[in-house]
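Everything below concerns the one structure shown next.
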Number of protein chains: 2
Amino acid sequence: MASYSSTALKAELNERGWRMTPQRETILTTFQNLSEGMHLSAEELCELLKEKGENISLSTIYRNLKLMARMGILRELELAEGQKRYEINQPAPHHHHHLICVRCNKTVEFKNDSVLKVGAKMAEKSGYHLLDCQLLIHAVCPTCQRSITPV
Amino acid sequence: MASYSSTALKAELNERGWRMTPQRETILTTFQNLSEGMHLSAEELCELLKEKGENISLSTIYRNLKLMARMGILRELELAEGQKRYEINQPAPHHHHHLICVRCNKTVEFKNDSVLKVGAKMAEKSGYHLLDCQLLIHAVCPTCQRSITPV
DNA sequence: TCATTATTGCGAATGAGTCTCAACGTGATC
DNA sequence: GATCACGTTGAGACTCATTCGCAATAATGA
Ligand SMILES: [Zn+2]
Ligand SMILES: [Zn+2]
Ligand SMILES: [Zn+2]
Ligand SMILES: [Zn+2]
């Protein structure tokens, strides 16, 4: 289940002169145990942990979500308006993309290996170190097409 | 040059019970005449128009960028942190994607028709009306890989 | 064990984007 | 081409996701 262990995280952090903390381990394992299709915002993660009795301050959550996204451990997604959401960044067989209705924000996840290949090849060709590759499709869902709601 | 005329915009607006205004025409033609690779934020568009002597209030710009993105005329992009950027949404031969360095925000545009095909097929299969299809690659550019700057 | 210094938690600050509302202008009707 | 209904604009107030500043804390290495 755990595609990226907290031991590996600790090693990678130390290598860069940073430190492993209980908060970082908690955040990592929380995302690893999240069911497929769940995307958490900073605030939602904070609430979820509070319910489980593991309080972590919102500042710390914001800092570490950003850190782990920039390490390639988490994916930063702009699914609905107004706030970023995160999910664990999984390799090839579990890697997926998002189709979003711009009116109701209904989100469909789908897999397509060829897109990841295109992204990886493009990054390599330009000498970039790949962190995340996401196909984002903005569209209007069947329900919203039928509704009279403007735009 | 103009892939989407202001006459067409007026027609589509009226069809939905909305109205054409000088501000909307100015915004549309500004994006149509923008050079390739330019992505404007609301604030930048406001400044650009001010320089040209065509003042449009920031509120109006925000409202219409969102409106035109939801009509599929503009693409809404999250390239750098903190603000959305827009560009004209062009069909197949000019359609492109973005490779972004998460540290310095350097952005590379690239074309790949197969990705658009994947997106269009996926939207159609789910009964969604496609507005925009963008492959977003987060990575670390060669320069930033060599730099000692953290994360 | 101790020193160094990265990290946390709190509250204050920031700022992109939204909201409110009176004044205005568009498009439809006659 | 005058009138009307109502969508749109502009200005400023406002919201709230995210960042910042800093003192207290704790992870690492010697
Ligand atoms: Zn997902
Ligand atoms: Zn919808
Ligand atoms: Zn572009
Ligand atoms: Zn860079």
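Following the order of the structure tokens, first chain is A, next is B, and so on, with residues numbered from 1 inside each chain and ligands from 1 in the order they appear.
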| message | Env of DT3 of chain D: 12 Å cut, atoms = only C-alpha atoms (C1' of nucleotides), seq-sep filter 3 positions within chain, self excluded. Answer as a PyMOL selection string. | response | chain C and resi 28-30
Suppose we keep N, CA, C and O atoms (P, O5', C5', C4', C3', O3' and C1' of nucleotides); can you now write the selection as a PDB file, in the first residue's frame?
```
ATOM      1  P    DA C  28     -32.015  41.523 -29.492  1.00  0.00           P
ATOM      2  O5'  DA C  28     -33.507  41.724 -28.980  1.00  0.00           O
ATOM      3  C5'  DA C  28     -33.815  41.498 -27.608  1.00  0.00           C
ATOM      4  C4'  DA C  28     -35.223  41.968 -27.318  1.00  0.00           C
ATOM      5  C3'  DA C  28     -36.178  41.784 -28.491  1.00  0.00           C
ATOM      6  O3'  DA C  28     -37.438  41.352 -27.999  1.00  0.00           O
ATOM      7  C1'  DA C  28     -36.046  44.085 -27.915  1.00  0.00           C
ATOM      8  P    DT C  29     -38.672  41.078 -29.049  1.00  0.00           P
ATOM      9  O5'  DT C  29     -39.570  42.373 -28.866  1.00  0.00           O
ATOM     10  C5'  DT C  29     -39.845  42.857 -27.545  1.00  0.00           C
ATOM     11  C4'  DT C  29     -40.803  44.043 -27.623  1.00  0.00           C
ATOM     12  C3'  DT C  29     -41.796  43.972 -28.785  1.00  0.00           C
ATOM     13  O3'  DT C  29     -43.081  44.364 -28.324  1.00  0.00           O
ATOM     14  C1'  DT C  29     -40.589  46.004 -28.883  1.00  0.00           C
ATOM     15  P    DC C  30     -44.392  44.225 -29.357  1.00  0.00           P
ATOM     16  O5'  DC C  30     -44.707  45.755 -29.693  1.00  0.00           O
ATOM     17  C5'  DC C  30     -44.874  46.692 -28.610  1.00  0.00           C
ATOM     18  C4'  DC C  30     -44.884  48.107 -29.164  1.00  0.00           C
ATOM     19  C3'  DC C  30     -45.844  48.324 -30.345  1.00  0.00           C
ATOM     20  O3'  DC C  30     -46.588  49.515 -30.165  1.00  0.00           O
ATOM     21  C1'  DC C  30     -43.681  49.068 -30.912  1.00  0.00           C
TER      22       DC C  30
END
```
| message | Taking the DSSP secondary structure from the backbone, can you list the residues of chain B that are strand (DSSP E), as an MDAnalysis selection string? | response | chainID B and resid 74:77 85:88 97:101 107:110 129:140
Can I get the residues close to ligand 2 as a compact mmCIF listing (two decimals) with C-alpha atoms, in the first residue's frame, where close means within 12 Å and we count only C-alpha atoms (C1' of nucleotides) and all ligand atoms?
```txt
# COMPACT_ATOMS: atom_id res chain seq x y z
CA ALA A 80 -12.60 23.41 -7.71
CA LEU A 99 -12.11 15.63 -15.97
CA ILE A 100 -13.91 18.51 -14.23
CA CYS A 101 -17.26 20.20 -14.79
CA VAL A 102 -16.63 23.95 -14.61
CA ARG A 103 -20.15 24.59 -13.35
CA CYS A 104 -20.75 22.03 -10.58
CA ASN A 105 -17.14 20.89 -10.07
CA LYS A 106 -18.08 17.23 -10.44
CA THR A 107 -14.79 15.42 -11.03
CA VAL A 108 -14.12 12.19 -12.93
CA HIS A 138 -12.39 21.47 -18.23
CA ALA A 139 -15.87 20.67 -19.53
CA VAL A 140 -19.60 20.87 -18.84
CA CYS A 141 -21.18 17.71 -17.44
CA PRO A 142 -24.41 16.24 -18.89
CA THR A 143 -26.51 17.49 -15.96
CA CYS A 144 -25.23 21.06 -16.23
CA GLN A 145 -25.71 21.07 -20.01
CA ARG A 146 -29.42 20.46 -19.44
CA SER A 147 -29.73 22.97 -16.60
CA ILE A 148 -30.75 26.56 -17.24
CA THR A 149 -28.05 27.87 -14.92
CA PRO A 150 -26.06 30.53 -16.77
CA VAL A 151 -22.49 29.85 -17.90
CA ARG B 70 -16.37 29.15 -19.06
CA SER B 126 -18.58 10.75 -20.42
CA GLY B 127 -21.07 12.99 -22.17
CA TYR B 128 -19.21 16.15 -21.17
CA HIS B 129 -19.01 19.20 -23.44
CA LEU B 130 -15.28 19.92 -23.80
```
| request: Give the residue list for ligand 1 at 10 Å, counting only C-alpha atoms (C1' of nucleotides) and all ligand atoms, as a ChimeraX atom specification, sorted by chain and then by residue number. | output: /A:36-40,75-77,79,85-90,94-99,107-111,134
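For chain B, the residues no farther than 10 Å from chain D when using only C-alpha atoms (C1' of nucleotides) are Gly17, Trp18, Arg19, Met20, Thr21, Gln23, Ile56, Ser57, Leu58, Ser59, Thr60 and Gly82 of chain B.
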Write the residues of the selection above to a file with all heavy atoms, as a PDB file, in the first residue's frame.
```pdb
ATOM      1  N   GLY B  17     -29.039  35.224 -23.764  1.00  0.00           N
ATOM      2  CA  GLY B  17     -29.698  36.317 -23.061  1.00  0.00           C
ATOM      3  C   GLY B  17     -28.718  37.335 -22.467  1.00  0.00           C
ATOM      4  O   GLY B  17     -29.084  38.135 -21.615  1.00  0.00           O
ATOM      5  N   TRP B  18     -27.469  37.269 -22.916  1.00  0.00           N
ATOM      6  CA  TRP B  18     -26.489  38.235 -22.423  1.00  0.00           C
ATOM      7  C   TRP B  18     -26.178  39.265 -23.493  1.00  0.00           C
ATOM      8  O   TRP B  18     -26.679  39.179 -24.611  1.00  0.00           O
ATOM      9  CB  TRP B  18     -25.207  37.504 -21.996  1.00  0.00           C
ATOM     10  CG  TRP B  18     -25.473  36.491 -20.942  1.00  0.00           C
ATOM     11  CD1 TRP B  18     -26.429  36.530 -19.978  1.00  0.00           C
ATOM     12  CD2 TRP B  18     -24.797  35.246 -20.777  1.00  0.00           C
ATOM     13  NE1 TRP B  18     -26.384  35.400 -19.203  1.00  0.00           N
ATOM     14  CE2 TRP B  18     -25.380  34.582 -19.661  1.00  0.00           C
ATOM     15  CE3 TRP B  18     -23.731  34.623 -21.435  1.00  0.00           C
ATOM     16  CZ2 TRP B  18     -24.953  33.350 -19.212  1.00  0.00           C
ATOM     17  CZ3 TRP B  18     -23.302  33.396 -20.984  1.00  0.00           C
ATOM     18  CH2 TRP B  18     -23.910  32.766 -19.876  1.00  0.00           C
ATOM     19  N   ARG B  19     -25.303  40.220 -23.134  1.00  0.00           N
ATOM     20  CA  ARG B  19     -25.082  41.335 -24.061  1.00  0.00           C
ATOM     21  C   ARG B  19     -23.633  41.554 -24.429  1.00  0.00           C
ATOM     22  O   ARG B  19     -22.735  41.315 -23.652  1.00  0.00           O
ATOM     23  CB  ARG B  19     -25.636  42.615 -23.426  1.00  0.00           C
ATOM     24  CG  ARG B  19     -27.136  42.531 -23.288  1.00  0.00           C
ATOM     25  CD  ARG B  19     -27.709  43.661 -22.476  1.00  0.00           C
ATOM     26  NE  ARG B  19     -29.132  43.430 -22.273  1.00  0.00           N
ATOM     27  CZ  ARG B  19     -29.909  44.169 -21.496  1.00  0.00           C
ATOM     28  NH1 ARG B  19     -29.402  45.199 -20.847  1.00  0.00           N
ATOM     29  NH2 ARG B  19     -31.181  43.893 -21.370  1.00  0.00           N
ATOM     30  N   MET B  20     -23.449  42.049 -25.636  1.00  0.00           N
ATOM     31  CA  MET B  20     -22.118  42.416 -26.075  1.00  0.00           C
ATOM     32  C   MET B  20     -21.829  43.812 -25.556  1.00  0.00           C
ATOM     33  O   MET B  20     -22.723  44.671 -25.545  1.00  0.00           O
ATOM     34  CB  MET B  20     -22.043  42.386 -27.598  1.00  0.00           C
ATOM     35  CG  MET B  20     -20.647  42.588 -28.136  1.00  0.00           C
ATOM     36  SD  MET B  20     -19.472  41.389 -27.458  1.00  0.00           S
ATOM     37  CE  MET B  20     -18.159  41.495 -28.666  1.00  0.00           C
ATOM     38  N   THR B  21     -20.607  44.036 -25.106  1.00  0.00           N
ATOM     39  CA  THR B  21     -20.210  45.363 -24.635  1.00  0.00           C
ATOM     40  C   THR B  21     -18.842  45.704 -25.219  1.00  0.00           C
ATOM     41  O   THR B  21     -18.099  44.796 -25.606  1.00  0.00           O
ATOM     42  CB  THR B  21     -20.090  45.402 -23.098  1.00  0.00           C
ATOM     43  OG1 THR B  21     -19.032  44.523 -22.692  1.00  0.00           O
ATOM     44  CG2 THR B  21     -21.380  44.978 -22.426  1.00  0.00           C
ATOM     45  N   GLN B  23     -16.303  46.606 -23.616  1.00  0.00           N
ATOM     46  CA  GLN B  23     -15.287  45.980 -22.770  1.00  0.00           C
ATOM     47  C   GLN B  23     -15.010  44.545 -23.195  1.00  0.00           C
ATOM     48  O   GLN B  23     -13.853  44.121 -23.285  1.00  0.00           O
ATOM     49  CB  GLN B  23     -15.740  46.003 -21.302  1.00  0.00           C
ATOM     50  CG  GLN B  23     -15.767  47.384 -20.658  1.00  0.00           C
ATOM     51  CD  GLN B  23     -17.077  48.107 -20.877  1.00  0.00           C
ATOM     52  OE1 GLN B  23     -17.867  47.772 -21.770  1.00  0.00           O
ATOM     53  NE2 GLN B  23     -17.326  49.132 -20.077  1.00  0.00           N
ATOM     54  N   ILE B  56     -10.384  49.629 -18.434  1.00  0.00           N
ATOM     55  CA  ILE B  56     -11.489  48.765 -18.045  1.00  0.00           C
ATOM     56  C   ILE B  56     -11.245  48.422 -16.580  1.00  0.00           C
ATOM     57  O   ILE B  56     -10.119  48.110 -16.196  1.00  0.00           O
ATOM     58  CB  ILE B  56     -11.537  47.463 -18.881  1.00  0.00           C
ATOM     59  CG1 ILE B  56     -11.720  47.803 -20.369  1.00  0.00           C
ATOM     60  CG2 ILE B  56     -12.641  46.557 -18.404  1.00  0.00           C
ATOM     61  CD1 ILE B  56     -11.846  46.589 -21.268  1.00  0.00           C
ATOM     62  N   SER B  57     -12.294  48.509 -15.775  1.00  0.00           N
ATOM     63  CA  SER B  57     -12.099  48.281 -14.346  1.00  0.00           C
ATOM     64  C   SER B  57     -11.698  46.835 -14.070  1.00  0.00           C
ATOM     65  O   SER B  57     -12.052  45.920 -14.804  1.00  0.00           O
ATOM     66  CB  SER B  57     -13.376  48.596 -13.579  1.00  0.00           C
ATOM     67  OG  SER B  57     -14.280  47.537 -13.688  1.00  0.00           O
ATOM     68  N   LEU B  58     -10.952  46.665 -12.976  1.00  0.00           N
ATOM     69  CA  LEU B  58     -10.467  45.338 -12.608  1.00  0.00           C
ATOM     70  C   LEU B  58     -11.636  44.383 -12.370  1.00  0.00           C
ATOM     71  O   LEU B  58     -11.581  43.211 -12.757  1.00  0.00           O
ATOM     72  CB  LEU B  58      -9.595  45.459 -11.352  1.00  0.00           C
ATOM     73  CG  LEU B  58      -8.597  44.355 -11.055  1.00  0.00           C
ATOM     74  CD1 LEU B  58      -7.772  43.992 -12.280  1.00  0.00           C
ATOM     75  CD2 LEU B  58      -7.688  44.773  -9.916  1.00  0.00           C
ATOM     76  N   SER B  59     -12.700  44.864 -11.759  1.00  0.00           N
ATOM     77  CA  SER B  59     -13.877  44.014 -11.527  1.00  0.00           C
ATOM     78  C   SER B  59     -14.398  43.441 -12.835  1.00  0.00           C
ATOM     79  O   SER B  59     -14.670  42.246 -12.946  1.00  0.00           O
ATOM     80  CB  SER B  59     -14.998  44.805 -10.870  1.00  0.00           C
ATOM     81  OG  SER B  59     -14.575  45.393  -9.686  1.00  0.00           O
ATOM     82  N   THR B  60     -14.540  44.321 -13.808  1.00  0.00           N
ATOM     83  CA  THR B  60     -15.060  43.899 -15.104  1.00  0.00           C
ATOM     84  C   THR B  60     -14.128  42.895 -15.767  1.00  0.00           C
ATOM     85  O   THR B  60     -14.570  41.923 -16.379  1.00  0.00           O
ATOM     86  CB  THR B  60     -15.257  45.131 -16.015  1.00  0.00           C
ATOM     87  OG1 THR B  60     -16.218  45.979 -15.386  1.00  0.00           O
ATOM     88  CG2 THR B  60     -15.738  44.739 -17.379  1.00  0.00           C
ATOM     89  N   GLY B  82      -0.186  31.646  -7.062  1.00  0.00           N
ATOM     90  CA  GLY B  82      -0.833  32.853  -6.577  1.00  0.00           C
ATOM     91  C   GLY B  82      -1.791  33.568  -7.498  1.00  0.00           C
ATOM     92  O   GLY B  82      -2.596  34.354  -7.036  1.00  0.00           O
TER      93      GLY B  82
END
```
Determine, for each residue of chain C having at least one atom at most 7 Å from an atom of chain A, the closest pair of atoms and their separation in Å to one decimal, counting only C-alpha atoms (C1' of nucleotides); order by chain and ascending number, as CSV.
```
residue,atom,partner,partner_atom,distance
C:DA6,C1',A:Trp18,CA,6.5
C:DT8,C1',A:Thr60,CA,6.7
C:DG9,C1',A:Ser57,CA,6.1
```
May I have the residues from that selection written out with N, CA, C and O atoms (P, O5', C5', C4', C3', O3' and C1' of nucleotides), as a PDB file, in the first residue's frame?
```pdb
ATOM      1  P    DA C   6      18.991  25.540   9.260  1.00  0.00           P
ATOM      2  O5'  DA C   6      17.794  24.555   8.913  1.00  0.00           O
ATOM      3  C5'  DA C   6      17.988  23.166   9.029  1.00  0.00           C
ATOM      4  C4'  DA C   6      16.724  22.503   9.552  1.00  0.00           C
ATOM      5  C3'  DA C   6      15.459  22.936   8.842  1.00  0.00           C
ATOM      6  O3'  DA C   6      14.664  21.771   8.698  1.00  0.00           O
ATOM      7  C1'  DA C   6      15.258  23.404  11.154  1.00  0.00           C
ATOM      8  P    DT C   8       7.298  21.002  10.803  1.00  0.00           P
ATOM      9  O5'  DT C   8       6.654  21.621  12.110  1.00  0.00           O
ATOM     10  C5'  DT C   8       6.803  20.950  13.357  1.00  0.00           C
ATOM     11  C4'  DT C   8       6.300  21.847  14.462  1.00  0.00           C
ATOM     12  C3'  DT C   8       4.857  22.328  14.268  1.00  0.00           C
ATOM     13  O3'  DT C   8       4.064  21.862  15.349  1.00  0.00           O
ATOM     14  C1'  DT C   8       6.327  24.143  14.816  1.00  0.00           C
ATOM     15  P    DG C   9       2.461  21.874  15.248  1.00  0.00           P
ATOM     16  O5'  DG C   9       2.140  23.279  15.919  1.00  0.00           O
ATOM     17  C5'  DG C   9       2.513  23.510  17.256  1.00  0.00           C
ATOM     18  C4'  DG C   9       2.103  24.914  17.682  1.00  0.00           C
ATOM     19  C3'  DG C   9       0.689  25.332  17.271  1.00  0.00           C
ATOM     20  O3'  DG C   9       0.128  26.072  18.347  1.00  0.00           O
ATOM     21  C1'  DG C   9       2.243  26.863  16.372  1.00  0.00           C
TER      22       DG C   9
END
```
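Among the candidates B:Leu116, B:Met122, B:Leu34, B:Leu28, the residue lying nearest to ligand 3 is B:Leu34 (atoms considered: only C-alpha atoms and all ligand atoms).
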